[in-house]
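> Data: final.csv, CSV, C-alpha atoms and all ligand atoms.
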```
chain,number,residue,atom,x,y,z
A,1,MET,CA,75.7,71.1,30.0
A,2,LEU,CA,78.0,68.6,31.5
A,3,LYS,CA,78.9,69.8,35.0
A,4,THR,CA,82.3,68.2,35.4
A,5,GLU,CA,83.0,70.5,38.3
A,6,ILE,CA,80.4,68.8,40.4
A,7,ASN,CA,82.6,65.7,40.5
A,8,GLU,CA,86.0,67.5,40.5
A,9,LEU,CA,85.5,70.0,43.2
A,10,HIS,CA,85.0,68.6,46.7
A,11,SER,CA,85.6,71.0,49.6
A,12,VAL,CA,84.1,74.3,50.7
A,13,LEU,CA,87.4,75.9,49.8
A,14,ASP,CA,87.5,74.2,46.3
A,15,TRP,CA,84.1,75.8,45.5
A,16,VAL,CA,84.9,79.2,46.8
A,17,ARG,CA,88.1,79.2,44.8
A,18,TRP,CA,86.5,78.0,41.6
A,19,GLY,CA,83.6,80.5,42.0
A,20,ALA,CA,86.1,83.3,42.5
A,21,THR,CA,87.9,82.3,39.3
A,22,ARG,CA,84.7,82.0,37.3
A,23,PHE,CA,83.4,85.4,38.5
A,24,ALA,CA,86.8,87.1,37.6
A,25,GLN,CA,86.7,85.5,34.2
A,26,GLU,CA,83.1,86.6,33.6
A,27,GLN,CA,83.8,90.1,34.8
A,28,ILE,CA,80.7,90.4,37.0
A,29,PHE,CA,80.2,93.7,38.8
A,30,PHE,CA,80.7,93.9,42.6
A,31,GLY,CA,79.2,96.6,44.7
A,32,HIS,CA,76.1,95.1,46.3
A,33,GLY,CA,77.6,94.0,49.5
A,34,THR,CA,81.0,92.7,48.4
A,35,ASP,CA,83.8,94.2,46.4
A,36,ASN,CA,85.7,91.2,45.1
A,37,ALA,CA,85.2,87.8,43.4
A,38,TRP,CA,86.4,85.8,46.4
A,39,ASP,CA,83.9,87.3,48.9
A,40,GLU,CA,81.1,87.0,46.3
A,41,ALA,CA,81.7,83.2,46.0
A,42,PHE,CA,82.2,82.9,49.7
A,43,VAL,CA,78.8,84.4,50.5
A,44,LEU,CA,77.0,82.1,48.1
A,45,VAL,CA,78.8,78.9,49.4
A,46,MET,CA,78.2,79.8,53.0
A,47,SER,CA,74.5,80.4,52.3
A,48,VAL,CA,74.1,76.9,50.7
A,49,ILE,CA,75.8,75.2,53.7
A,50,GLU,CA,73.7,77.3,56.1
A,51,GLN,CA,76.7,78.2,58.2
A,52,PRO,CA,77.7,81.6,59.7
A,53,TRP,CA,80.7,83.2,58.1
A,54,ASP,CA,82.9,83.0,61.1
A,55,VAL,CA,83.0,79.1,61.0
A,56,TYR,CA,84.8,79.2,57.6
A,57,GLU,CA,88.2,78.2,59.0
A,58,LYS,CA,86.6,75.1,60.6
A,59,VAL,CA,84.6,74.0,57.5
A,60,LYS,CA,86.8,75.0,54.6
A,61,THR,CA,88.3,71.5,54.1
A,62,ALA,CA,84.9,69.8,54.7
A,63,ARG,CA,83.5,67.9,51.7
A,64,LEU,CA,80.2,69.1,50.2
A,65,THR,CA,77.4,66.7,49.3
A,66,ILE,CA,76.5,66.3,45.7
A,67,ALA,CA,73.2,68.2,46.4
A,68,GLU,CA,75.1,71.1,47.9
A,69,ARG,CA,77.5,71.2,45.0
A,70,GLU,CA,74.6,71.3,42.6
A,71,LYS,CA,73.0,74.2,44.5
A,72,ILE,CA,76.2,76.2,44.5
A,73,PHE,CA,76.8,75.5,40.8
A,74,ASP,CA,73.3,76.7,40.0
A,75,LEU,CA,73.7,79.9,42.1
A,76,TYR,CA,77.0,80.6,40.3
A,77,GLU,CA,75.3,80.2,36.9
A,78,ARG,CA,72.5,82.6,37.9
A,79,ARG,CA,75.0,85.1,39.3
A,80,ILE,CA,76.8,85.1,36.0
A,81,ASN,CA,74.0,84.7,33.5
A,82,GLU,CA,71.3,86.8,35.1
A,83,ARG,CA,73.8,89.2,36.8
A,84,LEU,CA,71.7,89.1,40.0
A,85,PRO,CA,73.4,90.5,43.0
A,86,SER,CA,74.2,87.6,45.5
A,87,ALA,CA,71.9,89.2,48.1
A,88,TYR,CA,68.9,88.5,45.9
A,89,LEU,CA,70.1,84.9,45.4
A,90,THR,CA,70.5,84.2,49.1
A,91,GLY,CA,67.5,86.5,50.2
A,92,THR,CA,69.8,88.2,52.7
A,93,GLY,CA,71.7,91.5,52.6
A,94,TRP,CA,74.0,92.7,55.4
A,95,PHE,CA,74.0,96.2,56.8
A,96,ALA,CA,75.8,97.6,59.9
A,97,GLY,CA,76.7,94.0,60.9
A,98,PHE,CA,73.0,92.8,60.8
A,99,PRO,CA,71.3,90.5,58.3
A,100,PHE,CA,68.2,91.9,56.5
A,101,LYS,CA,65.7,90.0,54.4
A,102,VAL,CA,65.7,91.3,50.8
A,103,ASN,CA,64.0,90.6,47.5
A,104,GLN,CA,63.9,92.5,44.2
A,105,ASP,CA,61.3,94.9,45.6
A,106,VAL,CA,64.0,96.6,47.6
A,107,LEU,CA,67.5,97.8,47.0
A,108,VAL,CA,70.4,95.7,48.3
A,109,PRO,CA,71.5,97.4,51.5
A,110,ARG,CA,74.9,99.1,51.1
A,111,SER,CA,74.7,102.7,52.3
A,112,PRO,CA,77.8,104.1,53.9
A,113,ILE,CA,75.4,105.6,56.4
A,114,ALA,CA,75.9,102.3,58.3
A,115,GLU,CA,79.2,103.6,59.6
A,116,LEU,CA,77.6,106.8,60.9
A,117,ILE,CA,74.9,104.7,62.7
A,118,LEU,CA,77.5,102.5,64.4
A,119,LYS,CA,79.2,105.7,65.7
A,120,GLY,CA,75.9,107.0,67.0
A,121,PHE,CA,76.1,109.9,64.5
A,122,GLU,CA,78.8,111.4,66.7
A,123,PRO,CA,79.9,114.2,66.9
A,124,TRP,CA,76.8,115.7,65.4
A,125,LEU,CA,74.3,114.0,67.8
A,126,THR,CA,75.1,114.9,71.3
A,127,GLU,CA,72.3,112.9,72.9
A,128,PRO,CA,70.3,109.8,71.7
A,129,PRO,CA,67.4,110.8,69.5
A,130,GLY,CA,63.9,110.0,70.8
A,131,ARG,CA,62.2,109.8,67.4
A,132,ILE,CA,63.9,108.8,64.1
A,133,LEU,CA,62.5,108.9,60.6
A,134,ASP,CA,64.1,106.7,57.9
A,135,LEU,CA,62.7,108.3,54.8
A,136,CYS,CA,62.8,106.1,51.7
A,137,THR,CA,63.4,103.0,53.8
A,138,GLY,CA,63.4,100.1,51.3
A,139,SER,CA,64.2,97.0,53.3
A,140,GLY,CA,64.2,99.1,56.5
A,141,CYS,CA,67.9,98.5,57.0
A,142,ILE,CA,68.8,102.1,58.0
A,143,GLY,CA,65.9,102.7,60.4
A,144,ILE,CA,66.2,99.2,62.0
A,145,ALA,CA,70.0,99.6,62.5
A,146,CYS,CA,69.2,102.9,64.1
A,147,ALA,CA,66.8,101.2,66.4
A,148,HIS,CA,69.5,98.8,67.5
A,149,GLN,CA,72.0,101.6,68.1
A,150,PHE,CA,69.4,103.8,70.0
A,151,PHE,CA,67.5,101.2,72.0
A,152,ASN,CA,65.0,103.6,73.4
A,153,ALA,CA,64.1,105.4,70.1
A,154,GLU,CA,60.8,105.2,68.3
A,155,VAL,CA,61.5,104.8,64.6
A,156,VAL,CA,59.3,105.3,61.5
A,157,LEU,CA,60.2,103.6,58.3
A,158,SER,CA,58.5,105.3,55.3
A,159,ASP,CA,58.5,104.6,51.6
A,160,ILE,CA,56.2,105.1,48.6
A,161,SER,CA,56.5,101.5,47.6
A,162,GLU,CA,53.9,99.1,49.2
A,163,SER,CA,56.0,96.1,48.2
A,164,ALA,CA,59.1,97.6,49.8
A,165,LEU,CA,57.2,98.1,53.0
A,166,VAL,CA,56.2,94.4,53.0
A,167,VAL,CA,59.9,93.6,53.2
A,168,ALA,CA,60.5,96.3,55.8
A,169,GLU,CA,57.7,94.8,58.0
A,170,LYS,CA,59.3,91.3,57.7
A,171,ASN,CA,62.6,92.9,58.9
A,172,ILE,CA,60.8,94.6,61.8
A,173,GLY,CA,59.5,91.1,62.9
A,174,PHE,CA,62.9,89.4,62.2
A,175,HIS,CA,64.7,92.0,64.3
A,176,LYS,CA,62.1,91.9,67.1
A,177,VAL,CA,61.6,95.7,67.2
A,178,LYS,CA,57.8,95.8,66.6
A,179,ASP,CA,57.2,97.7,69.8
A,180,ARG,CA,59.0,100.8,68.6
A,181,VAL,CA,59.5,100.6,64.8
A,182,THR,CA,56.5,101.2,62.5
A,183,THR,CA,56.1,101.7,58.8
A,184,CYS,CA,54.3,104.5,56.9
A,185,LEU,CA,53.3,104.4,53.2
A,186,SER,CA,54.1,107.9,52.1
A,187,ASP,CA,55.1,109.9,49.0
A,188,GLY,CA,57.9,111.9,50.6
A,189,PHE,CA,56.6,113.6,53.7
A,190,ALA,CA,53.0,113.6,52.5
A,191,ALA,CA,51.5,111.0,54.8
A,192,LEU,CA,53.6,111.7,57.9
A,193,ASP,CA,50.8,114.0,59.3
A,194,GLY,CA,52.9,116.6,61.0
A,195,GLN,CA,55.0,114.1,63.0
A,196,LYS,CA,58.3,115.4,64.4
A,197,PHE,CA,61.6,113.7,64.7
A,198,ASP,CA,65.1,114.3,66.3
A,199,LEU,CA,66.9,112.5,63.5
A,200,LEU,CA,65.9,112.3,59.8
A,201,VAL,CA,68.0,109.9,57.9
A,202,SER,CA,67.6,109.0,54.3
A,203,ASN,CA,69.1,107.2,51.4
A,204,PRO,CA,66.7,108.4,48.7
A,205,PRO,CA,66.8,107.8,45.0
A,206,TYR,CA,69.7,110.0,43.7
A,207,VAL,CA,71.2,108.6,40.5
A,208,ASP,CA,71.4,111.2,37.7
A,209,ALA,CA,70.4,110.4,34.1
A,210,GLY,CA,74.0,110.0,33.0
A,211,ASP,CA,75.0,107.5,35.7
A,212,LEU,CA,71.7,105.6,35.2
A,213,ALA,CA,72.4,105.0,31.6
A,214,SER,CA,75.9,103.6,32.2
A,215,MET,CA,75.2,101.4,35.3
A,216,PRO,CA,76.3,97.7,35.2
A,217,ALA,CA,73.6,95.1,34.6
A,218,GLU,CA,73.5,94.2,38.3
A,219,PHE,CA,71.6,97.4,38.9
A,220,GLN,CA,68.8,96.5,36.4
A,221,SER,CA,67.5,93.9,38.9
A,222,GLU,CA,66.9,96.6,41.5
A,223,PRO,CA,63.7,98.6,41.5
A,224,SER,CA,64.3,101.7,39.3
A,225,ILE,CA,62.1,103.8,41.6
A,226,GLY,CA,64.9,103.3,44.2
A,227,LEU,CA,67.6,104.7,41.9
A,228,ALA,CA,66.5,107.4,39.4
A,229,SER,CA,65.9,110.9,40.5
A,230,GLY,CA,65.8,113.2,37.5
A,231,GLU,CA,68.4,114.7,35.2
A,232,ASP,CA,70.8,115.8,38.0
A,233,GLY,CA,69.8,113.1,40.5
A,234,LEU,CA,68.5,115.7,43.0
A,235,ASP,CA,64.7,115.7,42.4
A,236,PHE,CA,63.9,113.9,45.6
A,237,THR,CA,66.7,115.6,47.7
A,238,ARG,CA,65.3,119.1,46.8
A,239,GLY,CA,62.0,118.1,48.5
A,240,ILE,CA,63.9,116.9,51.6
A,241,LEU,CA,65.8,120.2,51.8
A,242,LYS,CA,62.6,122.1,51.4
A,243,HIS,CA,60.7,120.3,54.2
A,244,ALA,CA,63.2,118.8,56.6
A,245,ALA,CA,63.3,121.8,59.0
A,246,GLU,CA,59.5,121.5,59.5
A,247,VAL,CA,59.8,117.8,60.4
A,248,LEU,CA,62.7,118.1,62.7
A,249,ASN,CA,62.6,119.1,66.4
A,250,PRO,CA,64.9,121.9,67.6
A,251,GLY,CA,68.4,120.4,67.8
A,252,GLY,CA,67.4,117.8,65.2
A,253,LEU,CA,69.8,116.4,62.6
A,254,LEU,CA,69.4,115.6,58.9
A,255,VAL,CA,71.6,112.9,57.2
A,256,VAL,CA,71.1,112.2,53.5
A,257,GLU,CA,73.0,110.2,50.9
A,258,VAL,CA,73.3,111.7,47.5
A,259,GLY,CA,76.3,109.7,46.1
A,260,ASN,CA,77.8,111.1,42.9
A,261,SER,CA,75.2,113.9,42.9
A,262,CYS,CA,77.1,115.7,45.6
A,263,GLU,CA,78.8,118.0,43.2
A,264,ALA,CA,75.5,119.0,41.6
A,265,LEU,CA,74.1,119.6,45.1
A,266,GLU,CA,76.9,121.9,46.0
A,267,GLN,CA,76.3,123.9,42.8
A,268,ALA,CA,72.5,124.0,43.3
A,269,TYR,CA,72.8,125.2,46.9
A,270,PRO,CA,75.9,127.4,47.2
A,271,HIS,CA,74.5,129.1,50.3
A,272,ILE,CA,74.3,125.9,52.3
A,273,SER,CA,77.5,124.6,54.1
A,274,PHE,CA,77.0,120.9,53.6
A,275,LEU,CA,79.2,118.7,55.8
A,276,TRP,CA,80.5,115.6,54.1
A,277,PRO,CA,81.7,112.9,56.5
A,278,GLU,CA,84.6,110.7,55.4
A,279,PHE,CA,84.2,106.9,55.6
A,280,GLU,CA,86.7,104.4,56.8
A,281,TYR,CA,85.1,101.5,54.9
A,282,GLY,CA,84.4,103.2,51.6
A,283,GLY,CA,81.6,105.3,50.2
A,284,HIS,CA,81.0,109.0,49.8
A,285,GLY,CA,78.3,111.6,49.1
A,286,VAL,CA,76.5,111.7,52.5
A,287,PHE,CA,75.8,115.1,53.9
A,288,VAL,CA,74.9,116.1,57.5
A,289,LEU,CA,73.0,119.3,58.3
A,290,THR,CA,71.5,120.6,61.6
A,291,ARG,CA,67.9,121.9,61.7
A,292,GLU,CA,69.4,125.3,62.6
A,293,GLN,CA,71.5,125.3,59.4
A,294,LEU,CA,68.4,124.4,57.4
A,295,LEU,CA,66.5,127.3,58.9
A,296,GLN,CA,69.4,129.7,58.3
A,297,ALA,CA,69.5,128.7,54.6
A,298,GLU,CA,65.8,129.4,54.1
B,301,LIG,C1,68.0,104.2,47.3
B,301,LIG,S1,66.6,103.3,47.8
B,301,LIG,C2,67.1,103.1,49.5
B,301,LIG,C3,66.5,102.0,50.3
B,301,LIG,C4,67.1,101.9,51.7
B,301,LIG,N1,67.0,103.1,52.4
B,301,LIG,C5,68.6,101.4,51.6
B,301,LIG,O1,69.5,102.2,52.0
B,301,LIG,O2,68.8,100.3,51.2
B,301,LIG,C6,65.4,104.5,47.8
B,301,LIG,C7,64.0,104.1,48.2
B,301,LIG,O3,63.2,105.3,48.0
B,301,LIG,C8,61.9,104.9,47.7
B,301,LIG,N2,61.2,106.1,47.1
B,301,LIG,C9,61.3,106.5,45.8
B,301,LIG,N3,60.5,107.5,45.6
B,301,LIG,C10,59.9,107.8,46.8
B,301,LIG,C11,59.0,108.8,47.2
B,301,LIG,N4,58.5,109.7,46.3
B,301,LIG,N5,58.6,108.8,48.5
B,301,LIG,C12,59.0,107.9,49.4
B,301,LIG,N6,59.9,106.9,49.0
B,301,LIG,C13,60.4,106.9,47.7
B,301,LIG,C14,62.1,103.7,46.9
B,301,LIG,O4,60.9,102.9,46.9
B,301,LIG,C15,63.3,103.0,47.5
B,301,LIG,O5,62.9,102.0,48.4
```
For the file at hand, write its structure as structure tokens.

Amino acid sequence: MLKTEINELHSVLDWVRWGATRFAQEQIFFGHGTDNAWDEAFVLVMSVIEQPWDVYEKVKTARLTIAEREKIFDLYERRINERLPSAYLTGTGWFAGFPFKVNQDVLVPRSPIAELILKGFEPWLTEPPGRILDLCTGSGCIGIACAHQFFNAEVVLSDISESALVVAEKNIGFHKVKDRVTTCLSDGFAALDGQKFDLLVSNPPYVDAGDLASMPAEFQSEPSIGLASGEDGLDFTRGILKHAAEVLNPGGLLVVEVGNSCEALEQAYPHISFLWPEFEYGGHGVFVLTREQLLQAE
């Protein structure tokens, strides 16, 4: 294929603009870290020139080398033809303002729980948690962001996937939190050996069969074990609700994302008063319950 654009497009801005046009024409899906064509192109261009996003105004008129233009062109081609989310192409996903290493063994970080972490889970947590469990951790983004927010907390990152925990370990090293963040290979709570926590936070698999069948191609590149959770999307969450009170210390808090499965959850547990926080920056379907509410519901 003749890449005429390599010679016609010169500046950082030229390439972001052209990428945005191409992505809009090709109707790629956004939702793995960006929500529009411009930002998607921007992320890819900035990764190729290895510059932080906040220098864009300074570099937007700078000319790119031929080698840089070829790299950007190839990334755009892969984004369109393979429908790979840009985080897999750059190797970095962003969560709660922090970069996380990602590959196709983990989901691209995007949980709205980030917003709750940055607010310190207020008003539900009244004091900083001493021990935190990030159940179904994937890249470790939720637990590691919690470790940044609560700088004295010990955090356990658990997942059933060995390859996901390899990525989580890399992020522990990258974020320099090895002294208080550990990983645990576990099917649900099975290998946690009676450990207790003040905060249990989880973005488990929760996609129901209907949603799974109709998801855009971008989701096919993510590990299916991270998405599917039975007919109504609640297979894993049922286990959390059954065991969470045993794992939480008195005064402890449970925070779980269930996305579109929130309606099915309300129907399945009519006796539980789930609290559903609203999100300023988008997202829905995260519930908050205290240990005391869980005990009352038993
Ligand atoms: C929706 S992903 C979330 C990943 C990460 N917490 C995030 O927000 O990006 C769900 C994760 O649950 C893990 N998982 C699936 N079944 C599990 C099980 N039975 N026990 C523990 N983890 C499980 C998957 O490997 C995947 O990493």
> Would you mind listing what lies within 12 Å of A:Tyr269 as a list in words, with all atoms listed in the file counted and same-chain residues fewer than 3 positions away left out?
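The contact residues come out as Leu234, Thr237, Arg238, Leu241, Lys242, Cys262, Glu263, Ala264, Leu265, Glu266, Ile272, Ser273, Phe274, Leu294, Ala297 and Glu298 of chain A.
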> Which residues are near A:Pro277? Cut-off 9 Å, only C-alpha atoms, ignore same chain within fewer than 3 positions. Put them as a ChimeraX atom specification.
/A:116,284-288
> Need to verify the contact set: stretch 45-61 of chain A, 10 Å, all atoms listed in the file, exclusion of same-chain residues closer than 3 positions in sequence. Can you return it as a list in words?
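Those residues are His10, Ser11, Val12, Leu13, Asp14, Trp15, Val16, Gly19, Asp39, Glu40, Ala41, Phe42, Leu64, Thr65, Ala67, Glu68, Arg69, Glu70, Lys71, Ile72, Phe73, Leu75, Tyr76, Ser86, Leu89, Thr90, Gly91 and Thr92 of chain A.
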> Sorted by chain and rising residue number, which residues of stretch 53-169 of chain A lie within 10 Å of stretch 211-218 of chain A, and what are their closest atom pairs and distances in Å to one decimal, counting all atoms listed in the file, as a Markdown table?

```
| residue | atom | partner | partner_atom | distance |
| --- | --- | --- | --- | --- |
| A:Arg79 | CA | A:Glu218 | CA | 9.3 |
| A:Ile80 | CA | A:Glu218 | CA | 9.9 |
| A:Glu82 | CA | A:Glu218 | CA | 8.4 |
| A:Arg83 | CA | A:Glu218 | CA | 5.2 |
| A:Leu84 | CA | A:Glu218 | CA | 5.7 |
| A:Pro85 | CA | A:Glu218 | CA | 6.0 |
| A:Ser86 | CA | A:Glu218 | CA | 9.8 |
```
> Output the selection as a compact mmCIF listing (two decimals), keeping the file's coordinate frame - C-alpha atoms for each residue.

```
# COMPACT_ATOMS: atom_id res chain seq x y z
CA ARG A 79 75.00 85.10 39.30
CA ILE A 80 76.80 85.10 36.00
CA GLU A 82 71.30 86.80 35.10
CA ARG A 83 73.80 89.20 36.80
CA LEU A 84 71.70 89.10 40.00
CA PRO A 85 73.40 90.50 43.00
CA SER A 86 74.20 87.60 45.50
```
> Mind giving me the axis-aligned box for ligand LIG 301 (chain B) with 4 Å on every side, centre plus edges in Å to one decimal, as lines of an AutoDock Vina configuration file?

```
center_x = 64.0
center_y = 105.0
center_z = 49.0
size_x = 19.0
size_y = 17.4
size_z = 14.8
```
> Please provide the set of residues having any atom within 6 Å of A:Leu227, restricted to all atoms listed in the file, with same-chain residues fewer than 2 positions apart removed, written as a tab-separated table (two decimals) with C-alpha atoms, keeping the file's coordinate frame.

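Just written: out_6.tsv:
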```
chain	number	residue	atom	x	y	z
A	205	PRO	CA	66.80	107.80	45.00
A	206	TYR	CA	69.70	110.00	43.70
A	207	VAL	CA	71.20	108.60	40.50
A	224	SER	CA	64.30	101.70	39.30
A	225	ILE	CA	62.10	103.80	41.60
```
> Could you pull out the residues sitting within 6 Å of ligand LIG 301 (chain B), using all atoms listed in the file, and write them as a list in words?
Val106, Leu107, Val108, Pro109, Ser111, Cys136, Thr137, Gly138, Ser139, Ile142, Asp159, Ile160, Ser161, Ala164, Ser186, Asp187, Gly188, Asn203, Pro204, Pro205, Ile225, Gly226 and Leu227 of chain A
> Kindly give the distance, in Å, that separates atom CA of A:Gly130 and atom CA of A:Gly282, rounded to a single decimal.
28.9 Å
> For A:Gly210, please output as a PyMOL selection string all residues within 12 Å (counting only C-alpha atoms; exclusion window: fewer than 6 positions along the same chain).
chain A and resi 228-233+260-261
> Separation of atom CA of A:Thr21 and atom CA of A:Gly283, in Å?
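Atom-to-atom, atom CA of A:Thr21 and atom CA of A:Gly283 are spaced 26.2 Å apart.
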> In Å to one decimal, how far is atom CA of A:His243 from atom CA of A:Leu200?
11.1 Å
